[in-house]
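Structure first, then comments.
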Amino acid sequence: MKLNAMFSPTKIGAVTIPNRFVVPPMGNNFAHRDGTLSHRSKLYYEERAKGGFGLITIEATVVDETAKGGHRKPCLFSDETIESFRKVAEGCHQYGAKVSVQLQHAGPEGNPEVTGRPLKAASAVFSKKNQPIPREITTEEIERVIECYGEAALRAKKAGIDMVELHCAHGYLLHSFLSLRTNKRMDEYGGCLENRMRLIRRIIERIQEKAGKEFPIICRINGTDDISGGMTVQDSTVIAMKLEEMGVSALHISRATHLRDDRLWATGMLHDGFSADLVAEIKRAVNIPVIAVGRFTEGEYGELLVRQNKADLIAFGRQSIADPHFPKKLQEEKPETIFPCIGCLQGCVPNMMAGQPITCLANPTVGKEAQSQFTAMQKNRIMVVG
C-alpha cells in the first residue's frame with residue numbers, strides 16, 4: 001500500500017510540515033536537572049528527524065518553577081535554557097523536520113517533593129491515587145501563570161522553535177479548568193464553558209502578544225476523560241470549535257487522565273489507533289489541522305485516516321521510540337526492517353514516571369544515539385531479514 005497521503009506536506013499556521021508523521025511529546029528524563037536539554041536530548045530528537053518524522057515535539061516543558069513535575073524536566077521559565085533548545089531545533093531542522101515544544105504547568109499532577117510547593121488546580125479535587133489533594137489556585141496566581149506561558153512561548157520562539165503546544169489534557173492544570181469534574185469554582189474561571197475556558201483564552205492571547213499572532217499554537221485536549229463526570233467527546237468537540245475561534249492553529253487529540261492510565265498509556269492489548277473515532281468526531285467540527293494520537297504503530301491506518309479526512313497528522317509516540325527511522329523505512333518500502341512497538345510498557349512509561357531515563361525492549365539504543373548502535377542494529381536487522 002502506497003502511503004501517498006502520509007508523505008504529503010501540510011501546514012500548521014504558516015509553517016509547512018513536510019509529511020504527516022509526528023513525534024508527540026513524551027517524557028524521557030534526558031534533560032539536565034537545571035532544566036536545560038542535554039546533548040543526549042539533542043541526539044534523541046535529531047535521530048527521529050533523521051528518520052523522517054516531519055514534526056518533532058519536545059516533551060512537556062515546565063513554564064513555572066513552582067510547578068515542576070520531576071527533576072529532569074526541561075524548563076522554559078528562564079532565559080538560561082534557551083540555548084539548549086536552540087541546539088535541539090537546529091539539529092532537527094538540518095533534516096527538514098519542524099519542531100514544536102509542549103508547554104505545561106503540571107498543576108495537580110506535579111511533584112511537591114521536587115518543588116517544595118503545594119499542588120494547585122482549578123479546585124481542590126482528587127486527581128489520582130497516592131497524590132495529595134491540590135489546593136485551589138488563586139486569581140493572583142492565575143495572573144502569574146498566564147505571564148509564565150507567554151514568556152515561555154517567547155523563549156521557544158527565540159530558540160528557533162517553530163510552534164508551541166499547550167497541554168490542556170490528562171488532568172494537568174489547564175485541563176483541570178476545562179472539566180466540570182475538577183472545576184468547582186464560583187468566580188469568573190468556573191461555571192459555564194466560557195468561564196472554564198477563560199484561562200486558556202487569556203494564555204493564547206498572551207502568547208500572541210509576546211510571540212506574535214503568526215507564531216502557531218497547538219492545543220492538546222482530551223477527546224474524552226474516560227471517567228464519570230469528566231469531559232465527553234461532545235464537550236471536547238465544542239471546546240475544539242472555541243479554540244479554533246481563539247486563533248489556535250491545530251489540535252492534538254488525546255484522551256483520559258491518570259485515573260485511567262490504561263487508556264492514557266495504552267498497552268498492546270488495545271488496537272492500533274483506538275481513539276480514532278474521537279479524533280474523527282472532532283475533525284468534523286473544525287477547519288484547522290487535527291493530530292491523532294493513541295497507540296498508532298502502522299503507517300497504513302494513518303494513511304487511511306488522512307485519506308478519509310478523519311485526521312490531518314498522525315502521532316506515532318512509542319513507535320517512534322521503538323524505531324526512530326519508522327517513516328523513512330515506510331517511504332523506502334522496507335517495512336520488514338521496522339522495529340515495532342509491542343506495547344509492553346516495560347521501559348518507557350515506568351522509567352518516565354520514576355524520573356529515570358527511558359529505555360525500550362524493542363530498541364535498546366534509545367537514549368544512546370551517540371554510540372551509533374542504532375545504525376548497527378539496522379544493518380544487522382536488514383542482513384537477517386534479507
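Following the order of the C-alpha cells, chains are lettered A, B, ..., residues in each are numbered from 1, and ligands are numbered from 1.
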
Quick one: residues within 7 Å of stretch 127-133 of chain A, only C-alpha atoms counted, chain neighbours fewer than 5 positions away excluded, as a list of chain:residue names?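 Residues meeting the cut-off are A:Pro108, A:His258, A:Leu259.
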
Could you pull out all residues of stretch 102-232 of chain A with a DSSP call of strand (DSSP E or B) and give them as number ranges by chain? A: 102-104, 120-121, 135-136, 163-168, 170, 217-222

Pick from A:Pro18, A:Ile12, A:Asp79, A:Lys210: nearest to A:Asn287, with only C-alpha atoms counted?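 Once distances to A:Asn287 are computed over only C-alpha atoms, the minimum belongs to A:Ile12.
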
Please return as a ChimeraX atom specification: the residues of stretch 28-57 of chain A that backbone DSSP assigns to helix (DSSP H, G or I). /A:39-50

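The residue that comes closest to A:Asp323, out of A:Gly268, A:Gly52, A:Pro357, A:Gly229 and on the basis of only C-alpha atoms, is A:Gly52.
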
At a cut-off of 12 Å, using only C-alpha atoms, what residues contact A:Val125? Leave out same-chain residues fewer than 4 positions from it and give the result as a ChimeraX atom specification. /A:107-109,119-121,131-137,171,173,176-177,179-185

Any chance you could export the current selection's N, CA, C and O atoms as a short mmCIF file (atom, residue, chain, number, x, y, z; two decimals), in the first residue's frame?
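This went into out.cif:
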```cif
data_model
loop_
_atom_site.label_atom_id
_atom_site.label_comp_id
_atom_site.auth_asym_id
_atom_site.auth_seq_id
_atom_site.Cartn_x
_atom_site.Cartn_y
_atom_site.Cartn_z
N GLY A 107 0.24 21.43 37.56
CA GLY A 107 -0.96 21.57 38.37
C GLY A 107 -1.09 20.45 39.39
O GLY A 107 -0.14 20.14 40.12
N PRO A 108 -2.25 19.78 39.43
CA PRO A 108 -2.47 18.72 40.42
C PRO A 108 -1.65 17.46 40.17
O PRO A 108 -1.59 16.58 41.03
N GLU A 109 -1.01 17.37 39.00
CA GLU A 109 -0.20 16.20 38.67
C GLU A 109 1.29 16.47 38.88
O GLU A 109 2.14 15.70 38.42
N LEU A 119 0.53 21.46 45.55
CA LEU A 119 -0.08 21.30 44.24
C LEU A 119 -1.23 22.29 44.10
O LEU A 119 -1.92 22.61 45.06
N LYS A 120 -1.45 22.75 42.86
CA LYS A 120 -2.52 23.71 42.59
C LYS A 120 -3.37 23.22 41.43
O LYS A 120 -2.87 22.59 40.50
N ALA A 121 -4.65 23.53 41.49
CA ALA A 121 -5.59 23.15 40.44
C ALA A 121 -6.73 24.14 40.42
O ALA A 121 -6.79 25.05 41.25
N GLN A 131 -1.66 10.77 45.35
CA GLN A 131 -1.32 12.17 45.08
C GLN A 131 -2.08 13.06 46.07
O GLN A 131 -3.28 12.87 46.28
N PRO A 132 -1.43 14.03 46.69
CA PRO A 132 -2.14 14.93 47.61
C PRO A 132 -3.25 15.69 46.88
O PRO A 132 -3.15 15.97 45.68
N ILE A 133 -4.31 16.01 47.59
CA ILE A 133 -5.36 16.84 47.01
C ILE A 133 -4.81 18.25 46.81
O ILE A 133 -4.24 18.83 47.74
N PRO A 134 -4.93 18.79 45.62
CA PRO A 134 -4.37 20.13 45.37
C PRO A 134 -5.20 21.21 46.06
O PRO A 134 -6.35 20.97 46.43
N ARG A 135 -4.63 22.38 46.19
CA ARG A 135 -5.41 23.50 46.68
C ARG A 135 -5.87 24.35 45.50
O ARG A 135 -5.25 24.34 44.43
N GLU A 136 -6.95 25.07 45.70
CA GLU A 136 -7.48 25.90 44.63
C GLU A 136 -6.53 27.06 44.33
O GLU A 136 -6.14 27.81 45.23
N ILE A 137 -6.15 27.20 43.09
CA ILE A 137 -5.25 28.27 42.70
C ILE A 137 -5.98 29.61 42.79
O ILE A 137 -7.17 29.71 42.45
N GLY A 171 -5.45 15.88 32.92
CA GLY A 171 -5.57 16.26 34.32
C GLY A 171 -4.62 17.33 34.79
O GLY A 171 -4.65 17.71 35.97
N LEU A 173 -2.90 21.28 34.85
CA LEU A 173 -3.57 22.49 35.31
C LEU A 173 -4.65 22.99 34.36
O LEU A 173 -5.79 23.24 34.78
N SER A 176 -7.66 20.90 34.26
CA SER A 176 -8.46 20.96 35.49
C SER A 176 -9.48 22.09 35.44
O SER A 176 -10.51 22.03 36.11
N PHE A 177 -9.22 23.11 34.64
CA PHE A 177 -10.20 24.19 34.46
C PHE A 177 -11.29 23.79 33.48
O PHE A 177 -12.45 24.20 33.63
N SER A 179 -12.61 20.74 32.76
CA SER A 179 -13.52 19.66 33.17
C SER A 179 -14.41 20.08 34.34
O SER A 179 -13.94 20.58 35.36
N LEU A 180 -15.70 19.81 34.22
CA LEU A 180 -16.63 20.09 35.30
C LEU A 180 -16.35 19.21 36.52
O LEU A 180 -16.70 19.58 37.64
N ARG A 181 -15.72 18.08 36.32
CA ARG A 181 -15.41 17.21 37.45
C ARG A 181 -14.39 17.86 38.38
O ARG A 181 -14.44 17.66 39.62
N THR A 182 -13.48 18.63 37.82
CA THR A 182 -12.40 19.21 38.62
C THR A 182 -12.51 20.72 38.80
O THR A 182 -11.72 21.29 39.56
N ASN A 183 -13.43 21.35 38.13
CA ASN A 183 -13.60 22.80 38.26
C ASN A 183 -14.92 23.10 38.98
O ASN A 183 -15.99 23.01 38.39
N LYS A 184 -14.81 23.45 40.25
CA LYS A 184 -15.98 23.77 41.07
C LYS A 184 -15.97 25.25 41.47
O LYS A 184 -16.66 25.65 42.42
N ARG A 185 -15.23 26.05 40.75
CA ARG A 185 -15.06 27.46 41.11
C ARG A 185 -16.37 28.25 40.95
O ARG A 185 -17.21 27.90 40.11
#
```

Point-to-point distance from atom CA of A:Ile239 to atom CA of A:Gly54, Å rounded to tenths: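 Atom CA of A:Ile239 sits 26.8 Å away from atom CA of A:Gly54.
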
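Distance-wise, atom CA of A:Gly223 and atom CA of A:Asp277 end up 9.3 Å apart.
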